[in-house]
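Enquirer: Quick one: this structure, given as structure tokens, is what I'll be asking you about.
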Amino acid sequence: MWILILQRLVLEFLFDFIYAPLWWYTAGIVRAGRFSARMIAAGNAQFAPGVWIAHIFVPMFGQYDWQGRLVSFFVRLVNVCVRSVFLLCWVIVSCVTFLLWIVLPIFIIYTLIYSF
């Protein structure tokens, strides 16, 4: 009885060992791509430069005189620039994470082959 269990464990291990790279570059890469897209969407929702651009000419605090409009414009302009830079950094981090998902197994195999 125990030989059947051992045989099944060995076969499952071999199947998982062979199937892992196939999953990594098919369903795994789709999952990683969706994760990266969700991270970019979350960053866009967090930093929201589009909302600031949409309201760039609306005076802050209800001050409709020319000084209030001028200060509001420049404050929002700086805010849009800073938030856009942060969003760009977030997109770069998300894309690098996705690229690491693609390159990591190749790097590990290369390291294992040339380390011995």
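In the structure tokens, chains take the letters A, B, ... in the order shown, each chain's residues start at 1, and ligands count up from 1 in the order shown.
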At a cut-off of 9 Å, using only C-alpha atoms, what residues contact Trp90 in chain A? Leave out same-chain residues fewer than 5 positions from it and give the result as a list in words.

Expert: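 The residues satisfying every condition are Met39, Ile40, Gly43, Asn44, Val85 and Cys95 of chain A.
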
Enquirer: Kindly export the residues of the current selection with N, CA and C atoms, as a PDB file, in the first residue's frame.

Expert:
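The result, stored in again39.pdb:
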ATOM      1  N   MET A  39      -2.555  47.308 -10.363  1.00  0.00           N
ATOM      2  CA  MET A  39      -1.685  48.205  -9.588  1.00  0.00           C
ATOM      3  C   MET A  39      -1.594  49.585 -10.247  1.00  0.00           C
ATOM      4  N   ILE A  40      -1.534  49.621 -11.568  1.00  0.00           N
ATOM      5  CA  ILE A  40      -1.503  50.904 -12.269  1.00  0.00           C
ATOM      6  C   ILE A  40      -2.829  51.631 -12.080  1.00  0.00           C
ATOM      7  N   GLY A  43      -2.913  53.026  -8.609  1.00  0.00           N
ATOM      8  CA  GLY A  43      -2.064  54.217  -8.528  1.00  0.00           C
ATOM      9  C   GLY A  43      -2.733  55.419  -9.159  1.00  0.00           C
ATOM     10  N   ASN A  44      -3.415  55.204 -10.281  1.00  0.00           N
ATOM     11  CA  ASN A  44      -4.136  56.298 -10.921  1.00  0.00           C
ATOM     12  C   ASN A  44      -5.280  56.787 -10.034  1.00  0.00           C
ATOM     13  N   VAL A  85       4.310  62.916 -11.760  1.00  0.00           N
ATOM     14  CA  VAL A  85       5.636  62.304 -11.583  1.00  0.00           C
ATOM     15  C   VAL A  85       5.528  61.071 -10.683  1.00  0.00           C
ATOM     16  N   CYS A  95       5.662  48.086 -14.035  1.00  0.00           N
ATOM     17  CA  CYS A  95       6.171  47.442 -15.255  1.00  0.00           C
ATOM     18  C   CYS A  95       7.451  46.656 -14.977  1.00  0.00           C
TER      19      CYS A  95
END

Enquirer: Give me, as JSON lines, each residue of range 2-43 of chain A that comes within 12 Å of range 103-109 of chain A, together with its shortest interatomic pair and the distance in Å at one decimal, counting only C-alpha atoms, with rows ordered by chain and rising residue number.

Expert:
{"residue": "A:Ala20", "atom": "CA", "partner": "A:Pro105", "partner_atom": "CA", "distance": 10.3}
{"residue": "A:Pro21", "atom": "CA", "partner": "A:Pro105", "partner_atom": "CA", "distance": 8.0}
{"residue": "A:Leu22", "atom": "CA", "partner": "A:Pro105", "partner_atom": "CA", "distance": 11.3}
{"residue": "A:Trp23", "atom": "CA", "partner": "A:Pro105", "partner_atom": "CA", "distance": 11.9}
{"residue": "A:Trp24", "atom": "CA", "partner": "A:Pro105", "partner_atom": "CA", "distance": 8.6}
{"residue": "A:Tyr25", "atom": "CA", "partner": "A:Pro105", "partner_atom": "CA", "distance": 9.7}
{"residue": "A:Ile29", "atom": "CA", "partner": "A:Val103", "partner_atom": "CA", "distance": 11.1}

Enquirer: Could the residues in this selection be written to a file with C-alpha atoms, as an mmCIF file, in the first residue's frame?

Expert:
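That gives us result.cif:
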data_model
loop_
_atom_site.group_PDB
_atom_site.id
_atom_site.type_symbol
_atom_site.label_atom_id
_atom_site.label_comp_id
_atom_site.auth_asym_id
_atom_site.auth_seq_id
_atom_site.Cartn_x
_atom_site.Cartn_y
_atom_site.Cartn_z
ATOM 1 C CA ALA A 20 5.582 24.780 -13.378
ATOM 2 C CA PRO A 21 7.401 26.532 -16.267
ATOM 3 C CA LEU A 22 4.436 25.961 -18.539
ATOM 4 C CA TRP A 23 2.075 27.552 -16.003
ATOM 5 C CA TRP A 24 4.547 30.368 -15.303
ATOM 6 C CA TYR A 25 4.565 31.535 -18.930
ATOM 7 C CA ILE A 29 1.920 35.627 -16.977
#

Enquirer: Near Leu88 in chain A, counting only C-alpha atoms, which residues have an atom at most 12 Å away, once you skip same-chain residues fewer than 4 positions from it, shown as a PyMOL selection string?

Expert: chain A and resi 40+43-44+47-49+80-84+92-95

Enquirer: Quick one: write out the picked residues with C-alpha atoms as a PDB file, in the first residue's frame?

Expert:
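Writing the result to out27.pdb gives the following:
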ATOM      1  CA  ILE A  40      -1.503  50.904 -12.269  1.00  0.00           C
ATOM      2  CA  GLY A  43      -2.064  54.217  -8.528  1.00  0.00           C
ATOM      3  CA  ASN A  44      -4.136  56.298 -10.921  1.00  0.00           C
ATOM      4  CA  PHE A  47      -2.798  60.032  -7.293  1.00  0.00           C
ATOM      5  CA  ALA A  48      -5.687  61.107  -9.604  1.00  0.00           C
ATOM      6  CA  PRO A  49      -3.953  63.729 -11.763  1.00  0.00           C
ATOM      7  CA  VAL A  80      -0.763  67.989 -11.164  1.00  0.00           C
ATOM      8  CA  CYS A  81       2.956  67.967 -11.978  1.00  0.00           C
ATOM      9  CA  VAL A  82       3.967  66.297  -8.706  1.00  0.00           C
ATOM     10  CA  ARG A  83       1.157  63.736  -8.856  1.00  0.00           C
ATOM     11  CA  SER A  84       1.984  62.931 -12.476  1.00  0.00           C
ATOM     12  CA  ILE A  92       7.603  52.177 -13.891  1.00  0.00           C
ATOM     13  CA  VAL A  93       7.706  50.112 -10.673  1.00  0.00           C
ATOM     14  CA  SER A  94       4.681  48.115 -11.800  1.00  0.00           C
ATOM     15  CA  CYS A  95       6.171  47.442 -15.255  1.00  0.00           C
TER      16      CYS A  95
END

Enquirer: By how many Å are CA of Gln63 in chain A and CA of Val51 in chain A apart?

Expert: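 Result for CA of Gln63 in chain A versus CA of Val51 in chain A: 19.5 Å, one decimal.
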
Enquirer: Pick out each residue of range 4-84 of chain A that DSSP on the backbone tags as alpha helix (DSSP H); I need them as a PyMOL selection string.

Expert: chain A and resi 4-24+27-47+49-54+66-84

Enquirer: What is the CA of Ile53 in chain A to CA of Ser36 in chain A distance in Å?

Expert: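 Taking CA of Ile53 in chain A and CA of Ser36 in chain A, their separation equals 24.7 Å.
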
Enquirer: Have a look at CA of Trp52 in chain A and CA of Val78 in chain A and let me know their distance in Å, one decimal.

Expert: 10.1 Å

Enquirer: Skip Ser72 in chain A itself and residues of its chain fewer than 4 positions away, then list as a PyMOL selection string all residues within 7 Å of it, counting only C-alpha atoms.

Expert: chain A and resi 59-60+68+76

Enquirer: For Leu77 in chain A, which residue among A:Thr26, A:Cys89, A:Thr97, A:Ile56 is the nearest when counting only C-alpha atoms?

Expert: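 When distances to Leu77 in chain A are compared using only C-alpha atoms, the smallest one comes from A:Ile56.
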
Enquirer: Using only C-alpha atoms, which of the listed residues (A:Leu87, A:Leu112, A:Leu70, A:Ala32) sits closest to Gly50 in chain A?

Expert: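 Distance minimum relative to Gly50 in chain A lands on A:Leu87.
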